[in-house]
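First comes the structure, then the notes that go with it.
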Amino acid sequence: MKRRAFLERISRLLAVLGLTEAEWLTLGDRYYQALAQPTSRKLALLIGINKYPHSPALGGCLTDVELQRELLIHRFGFATSDILTLTEEQASREFIEAAFFDHLGKQAKAGDVVVFHFSGYGTRVKLGTLPETVQNAIIPVDEKNIQNKRVVNYLLEETLLLLLRSLPCDKVTAVLDTSYHAPTTSQPSTWRIRTRPELPVAKLAVEELEFLQQLKTQNSAANNAIVLKATSDENQQAGELLFSGFSAGLFTYALTQYLWEATPATTIQFLLSHVSSSISKLGIQQQPGLLSEQKNPQTALIVDHLPLESTSAEGFVTDVDEDGKTLQLWLAGLPPQILEYYGVNSRLTLATGEELILKSRTGLTAKAQLSPEPTTTPQVGQLVQEAIRVLPRNINLTVALDTELERIERVDATSAFAAITRIANIAAEQPANYVFGKLQQTPSRYGLFSVGGELILNTAGEVGEAVKVAVQRLKPQFSTLLAAKLWRLTENEGSSRLPVKGTLEIIHNISTRVVMQRETGRSRSGETATNKALTTQGKAIPTVPGGSRMQYRVENLSDRSIYLMLIGLNNTRSAIAFYPWQIAPEEVSDTKPHLQEIVIAPGQTRRIPQNDASIGWMLPTRALFCEHQLILSTSPFSETLEALRTAKYPTADQQPISPLVNPLEVAQALLQDLHNASQVKTEMNGTATDSYILDVNNWASLNFSFQVL
């Protein structure tokens, strides 16, 4: 780039950022002084655009930037002055390129760490007349050229990759929370997609094409930049959802939330698997992907690209009131399904051991009270870790009504849902779990959809069915989905202080193959953590061949005996559970089935299901999406086993993994058992009557999601 053109871009950038030339030079002096230091630096350029002048507004891109910024500062040790953010009108194509050159290109050196993030619209643009000349592009805020509306100011993905790979450092990571392929069918009103349709007559700005050619002719050595993309398939769409009081990109939220709790030894492959699983639990079939020229980049460790400088946490202190006892918190480390119900009186701890009591929460921020008689004064920036999770007992399934429903249909649906308010209710100002609507192909049929628009299997009714009849027909399905919502609230892989490891394996004769591993994070060292996920090309979710024989291997790494329970969901439709059948002695004629507690002694390993007759269980041969929750506790699952016993099962078919006919009762009993295991509930009697109180020292809940092909 010519110096004159570059300086012109920087001048415009300074004007937008509100900096004088003297202030910029002062800032530059600090940067170059830092460059003289022997230690490596960490630089970041974060871009987010919600308001486009010629496209519908997005809602979560600025939140994405905030999520990334706070994560980089408080988890990865980035200096505030080394993070440049361009948002809204600042994020023009020229400003992005100028900021890239000055903030990253001029300062980065060998050994430095660089992070680039973009949240906003993506699209495809033609560079010629042939179909193969279509390229992916991200859309800056000045998407259209003012002088010529047929000319667009897009930034090509190819240009961005060349910029990233031209940096003189190896630890370069980019996160692109956007997508390029516009859907051909209407999308649910519950989420926004970050894709704009391709404009057939659009021409790319000449300056952008010249810039691309200039980058191609440079002889700079390419680095091994890692690019994390919101979608692994070009035809998928990246979306954003309304969460509990805020909007955010699905990919960015799931990614940053996991990195708050991740361990250094987590591989990029495992990271993508975990993020994809988190997104799928929100009802979206969006799988993140990886773009890299490295050999086997998925096996690389996160710490190789983003060195961690702090322990795992659920958030940090953002402000301390004058009294020194009231604190403001940022809780982006909590999974979204848990954050929504994270109740008043939940407890968190500081690194110094001080206990905080949650008093209120709005979006990602919360107010907490320091426990009486603190020994130290809390400081802004201190990390907070979960200690006690308080969840309300009156949790329901929230269902949105599709905007395509006519007024009379909405009235009838509202009336029908009012009759089942203890199970499901219509989502008003809260995030929806599912959508009740009509089938596009047959508008006279009603069904239940994910928030991403996927029809839940076996929920479509007959042609001409009345709305009220449809809602009543779906009541058993609502019950099953509510049960899954409840047991997902127990997940605490990152915050549990009960050291355990679970491994899902395929059994081949006498040998086994690991599909995926989950291990609680607070009790392990980064050097020994071995989280894994077996994935196929183009898939972030682990895949298993149909008909495989499977087993779980559970290791108790603690000094206490633990009890085990396994529960799950197939294709978001049917609930299953592991039944620990007790084999009755031959001389006993009692035909009533008996269930027994599964106990694992300290330091021991247990394989389930396993008995004298068989090992493991056989997967079906049909395609299936499985979501299992492996739950471990220091106390028996007495009420859960009793709920399993009350259902009528044929004693002749005592399969270890079997359908669960009363999932809601079992899920409620499971939460009660974990509540009973808490050692602090007696200190919180006022809370215990209408809440579940769960102590992270006494339970661990690990999620295993995989696809059967």
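Chain labels run A, B, ... following the order of the structure tokens; each chain numbers its residues from 1, and ligands are numbered from 1 in the order shown.
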If we count only C-alpha atoms, what is near Val514 (chain A) at a cut-off of 7 Å, once residues fewer than 5 positions away on the same chain are taken out, given as a CSV table (one decimal) with N, CA and C atoms, in the first residue's frame?
chain,number,residue,atom,x,y,z
A,503,THR,N,-15.5,-41.4,29.8
A,503,THR,CA,-15.0,-41.7,28.4
A,503,THR,C,-16.0,-42.5,27.7
A,504,LEU,N,-16.5,-42.1,26.5
A,504,LEU,CA,-17.4,-42.9,25.7
A,504,LEU,C,-16.5,-43.7,24.7
A,505,GLU,N,-16.8,-45.0,24.6
A,505,GLU,CA,-15.9,-45.8,23.8
A,505,GLU,C,-16.7,-46.7,22.9
A,506,ILE,N,-16.2,-47.1,21.8
A,506,ILE,CA,-16.7,-48.1,20.9
A,506,ILE,C,-15.9,-49.4,21.2
Distance query Asp673 (chain A) at most 8 Å, only C-alpha atoms, self and fewer than 2 positions along chain excluded, as JSON, numbers by chain: {"A": [635, 636, 637, 638, 639, 640, 669, 670, 671, 675, 676, 677]}
Shell around Ser247 (chain A) at 8 Å using only C-alpha atoms, local window under 4 positions removed, as number ranges by chain: A: 59-60, 63, 240-243
Next, the residues of the selection above should be written as a compact mmCIF listing (two decimals), in the first residue's frame with N, CA, C and O atoms.
# COMPACT_ATOMS: atom_id res chain seq x y z
N GLY A 59 -28.51 -7.79 16.15
CA GLY A 59 -28.66 -7.43 17.56
C GLY A 59 -27.54 -7.86 18.48
O GLY A 59 -27.45 -7.37 19.60
N GLY A 60 -26.66 -8.78 18.02
CA GLY A 60 -25.69 -9.34 18.96
C GLY A 60 -24.24 -9.10 18.65
O GLY A 60 -23.36 -9.60 19.37
N THR A 63 -22.32 -7.22 21.37
CA THR A 63 -22.14 -8.12 22.52
C THR A 63 -21.00 -9.08 22.26
O THR A 63 -20.20 -9.37 23.16
N GLU A 240 -27.78 -15.51 15.42
CA GLU A 240 -27.72 -14.95 16.76
C GLU A 240 -29.09 -15.11 17.40
O GLU A 240 -30.12 -15.13 16.72
N LEU A 241 -29.09 -15.24 18.73
CA LEU A 241 -30.32 -15.46 19.48
C LEU A 241 -30.47 -14.43 20.57
O LEU A 241 -29.50 -13.83 21.03
N LEU A 242 -31.72 -14.26 21.00
CA LEU A 242 -31.99 -13.50 22.21
C LEU A 242 -31.84 -14.45 23.38
O LEU A 242 -32.55 -15.46 23.47
N PHE A 243 -30.88 -14.15 24.25
CA PHE A 243 -30.67 -14.96 25.44
C PHE A 243 -31.40 -14.29 26.61
O PHE A 243 -32.38 -13.58 26.40
Two-atom distance - CA of Asp142 (chain A), CA of Tyr154 (chain A) (Å):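 We find that CA of Asp142 (chain A) and CA of Tyr154 (chain A) lie 8.3 Å from each other.
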Best match for closeness to Arg518 (chain A) among A:Glu555, A:Glu373, A:Asp102, A:Asp319, counting only C-alpha atoms: A:Glu555
A:Met516, A:Ala387, A:Met550, A:Val114 ranked by distance to Leu306 (chain A), top pick (using only C-alpha atoms):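 Result for the nearest residue to Leu306 (chain A): A:Val114.
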Leu84 (chain A) surroundings by only C-alpha atoms, 10 Å radius, close-in-sequence under 6 positions cut, as an MDAnalysis selection string: chainID A and resid 43:47 69 99:100 103:104 116
Selection above as a file: all heavy atoms, as a short mmCIF file (atom, residue, chain, number, x, y, z; two decimals), in the first residue's frame:
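Printed below is part.cif as written:
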data_model
loop_
_atom_site.label_atom_id
_atom_site.label_comp_id
_atom_site.auth_asym_id
_atom_site.auth_seq_id
_atom_site.Cartn_x
_atom_site.Cartn_y
_atom_site.Cartn_z
N LEU A 43 -1.88 -8.85 20.78
CA LEU A 43 -2.62 -7.81 20.08
C LEU A 43 -3.94 -8.35 19.57
O LEU A 43 -4.02 -9.51 19.16
CB LEU A 43 -1.80 -7.29 18.89
CG LEU A 43 -0.42 -6.71 19.20
CD1 LEU A 43 0.39 -6.56 17.92
CD2 LEU A 43 -0.54 -5.38 19.91
N ALA A 44 -4.97 -7.52 19.59
CA ALA A 44 -6.28 -7.95 19.10
C ALA A 44 -6.97 -6.82 18.35
O ALA A 44 -6.87 -5.65 18.74
CB ALA A 44 -7.15 -8.42 20.26
N LEU A 45 -7.66 -7.19 17.29
CA LEU A 45 -8.51 -6.27 16.54
C LEU A 45 -9.90 -6.91 16.48
O LEU A 45 -10.08 -7.98 15.89
CB LEU A 45 -7.97 -6.05 15.12
CG LEU A 45 -8.83 -5.21 14.17
CD1 LEU A 45 -9.10 -3.82 14.75
CD2 LEU A 45 -8.17 -5.10 12.80
N LEU A 46 -10.88 -6.26 17.12
CA LEU A 46 -12.23 -6.80 17.26
C LEU A 46 -13.22 -5.90 16.54
O LEU A 46 -13.26 -4.70 16.78
CB LEU A 46 -12.61 -6.92 18.75
CG LEU A 46 -11.57 -7.55 19.68
CD1 LEU A 46 -12.09 -7.56 21.11
CD2 LEU A 46 -11.22 -8.97 19.23
N ILE A 47 -14.04 -6.51 15.67
CA ILE A 47 -14.96 -5.74 14.84
C ILE A 47 -16.37 -6.28 15.00
O ILE A 47 -16.60 -7.50 14.92
CB ILE A 47 -14.54 -5.80 13.36
CG1 ILE A 47 -13.12 -5.23 13.19
CG2 ILE A 47 -15.52 -5.07 12.46
CD1 ILE A 47 -12.49 -5.57 11.87
N ARG A 69 -13.59 -9.25 24.14
CA ARG A 69 -12.68 -8.33 24.81
C ARG A 69 -12.46 -8.72 26.27
O ARG A 69 -11.32 -8.79 26.73
CB ARG A 69 -13.24 -6.91 24.72
CG ARG A 69 -12.34 -5.83 25.31
CD ARG A 69 -12.95 -4.45 25.13
NE ARG A 69 -12.08 -3.41 25.67
CZ ARG A 69 -12.04 -3.06 26.95
NH1 ARG A 69 -12.84 -3.66 27.83
NH2 ARG A 69 -11.21 -2.12 27.37
N ALA A 99 -6.67 -0.18 10.13
CA ALA A 99 -6.43 -0.64 11.50
C ALA A 99 -5.63 -1.93 11.50
O ALA A 99 -4.78 -2.15 12.37
CB ALA A 99 -7.76 -0.83 12.22
N PHE A 100 -5.89 -2.78 10.53
CA PHE A 100 -5.15 -4.04 10.44
C PHE A 100 -3.66 -3.76 10.23
O PHE A 100 -2.81 -4.36 10.90
CB PHE A 100 -5.70 -4.89 9.30
CG PHE A 100 -5.29 -6.34 9.37
CD1 PHE A 100 -6.18 -7.30 9.83
CD2 PHE A 100 -4.02 -6.74 9.00
CE1 PHE A 100 -5.81 -8.62 9.93
CE2 PHE A 100 -3.64 -8.06 9.08
CZ PHE A 100 -4.54 -9.02 9.55
N HIS A 103 -2.40 -1.37 13.57
CA HIS A 103 -2.48 -1.98 14.90
C HIS A 103 -1.84 -3.36 14.94
O HIS A 103 -1.22 -3.72 15.94
CB HIS A 103 -3.95 -2.08 15.33
CG HIS A 103 -4.13 -2.58 16.73
ND1 HIS A 103 -3.68 -1.89 17.84
CD2 HIS A 103 -4.67 -3.74 17.20
CE1 HIS A 103 -3.97 -2.58 18.93
NE2 HIS A 103 -4.56 -3.71 18.57
N LEU A 104 -1.97 -4.11 13.85
CA LEU A 104 -1.40 -5.47 13.85
C LEU A 104 -0.12 -5.54 13.02
O LEU A 104 0.93 -5.96 13.51
CB LEU A 104 -2.44 -6.47 13.31
CG LEU A 104 -3.78 -6.54 14.05
CD1 LEU A 104 -4.68 -7.59 13.41
CD2 LEU A 104 -3.58 -6.84 15.53
N PHE A 116 -7.93 -11.77 15.78
CA PHE A 116 -8.83 -10.95 14.96
C PHE A 116 -10.23 -11.52 15.10
O PHE A 116 -10.42 -12.74 15.06
CB PHE A 116 -8.39 -10.97 13.50
CG PHE A 116 -9.33 -10.24 12.57
CD1 PHE A 116 -9.18 -8.88 12.34
CD2 PHE A 116 -10.36 -10.92 11.93
CE1 PHE A 116 -10.05 -8.20 11.49
CE2 PHE A 116 -11.24 -10.25 11.09
CZ PHE A 116 -11.08 -8.89 10.87
#
Nearby residues (only C-alpha atoms) at most 8 Å from region 350-352 of chain A, same-chain spacing under 6 positions excluded, as a PyMOL selection string: chain A and resi 376+382-385
Taking N, CA, C and O atoms for each residue, export the selection above as a short mmCIF file (atom, residue, chain, number, x, y, z; two decimals), in the first residue's frame.
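selection-v2.cif was written with the following content:
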data_model
loop_
_atom_site.label_atom_id
_atom_site.label_comp_id
_atom_site.auth_asym_id
_atom_site.auth_seq_id
_atom_site.Cartn_x
_atom_site.Cartn_y
_atom_site.Cartn_z
N THR A 376 -10.23 -9.51 53.22
CA THR A 376 -9.53 -8.66 52.26
C THR A 376 -10.54 -7.83 51.48
O THR A 376 -11.72 -8.17 51.42
N GLN A 382 -10.67 -9.27 39.63
CA GLN A 382 -10.53 -10.57 40.28
C GLN A 382 -11.52 -11.56 39.67
O GLN A 382 -12.68 -11.23 39.41
N LEU A 383 -11.05 -12.78 39.45
CA LEU A 383 -11.91 -13.82 38.89
C LEU A 383 -12.84 -14.39 39.95
O LEU A 383 -12.50 -14.41 41.14
N VAL A 384 -14.01 -14.84 39.51
CA VAL A 384 -14.97 -15.48 40.42
C VAL A 384 -15.29 -16.87 39.89
O VAL A 384 -15.39 -17.09 38.68
N GLN A 385 -15.42 -17.81 40.81
CA GLN A 385 -15.73 -19.19 40.47
C GLN A 385 -17.02 -19.62 41.17
O GLN A 385 -17.31 -19.19 42.28
#
Shortest interatomic distance to Ser189 (chain A) - which of A:Leu162, A:Ala57, A:Leu228, A:Val435, counting only C-alpha atoms: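 Comparing A:Leu162, A:Ala57, A:Leu228, A:Val435 against Ser189 (chain A), the winner is A:Val435.
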Residue set, region 124-183 of chain A restricted to helix (DSSP H, G or I), as a count of residues only: 12
Strand (DSSP E or B) call set, DSSP backbone run, region 315-490 of chain A, as a ChimeraX atom specification: /A:315-320,326-330,347-350,355-362,365-370,383-392,397-401,424-426,434-438,446-450,455
Shell of 9 Å around Leu641 (chain A), only C-alpha atoms, local chain residues under 5 positions omitted, as a ChimeraX atom specification: /A:579,595-597,646,666,669-670
Atoms kept (N, CA and C atoms) for selection, written as a CSV table (one decimal), in the first residue's frame:
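Okay, result_34.csv is ready:
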chain,number,residue,atom,x,y,z
A,579,TYR,N,-30.5,-48.1,33.0
A,579,TYR,CA,-31.1,-48.8,34.1
A,579,TYR,C,-30.2,-49.8,34.8
A,595,LEU,N,-33.7,-52.3,40.9
A,595,LEU,CA,-32.6,-51.4,40.4
A,595,LEU,C,-31.7,-51.2,41.6
A,596,GLN,N,-30.4,-51.0,41.3
A,596,GLN,CA,-29.4,-50.9,42.4
A,596,GLN,C,-28.6,-49.6,42.1
A,597,GLU,N,-28.1,-49.0,43.1
A,597,GLU,CA,-27.2,-47.9,43.0
A,597,GLU,C,-25.9,-48.4,42.4
A,646,THR,N,-41.1,-46.8,39.6
A,646,THR,CA,-42.6,-46.6,39.6
A,646,THR,C,-43.1,-46.9,38.2
A,666,VAL,N,-38.6,-38.3,36.6
A,666,VAL,CA,-37.2,-38.7,36.9
A,666,VAL,C,-36.3,-37.5,36.9
A,669,ALA,N,-36.8,-35.7,40.2
A,669,ALA,CA,-36.2,-36.5,41.3
A,669,ALA,C,-34.7,-36.4,41.3
A,670,LEU,N,-34.1,-36.3,40.1
A,670,LEU,CA,-32.7,-36.2,40.0
A,670,LEU,C,-32.2,-34.9,40.6
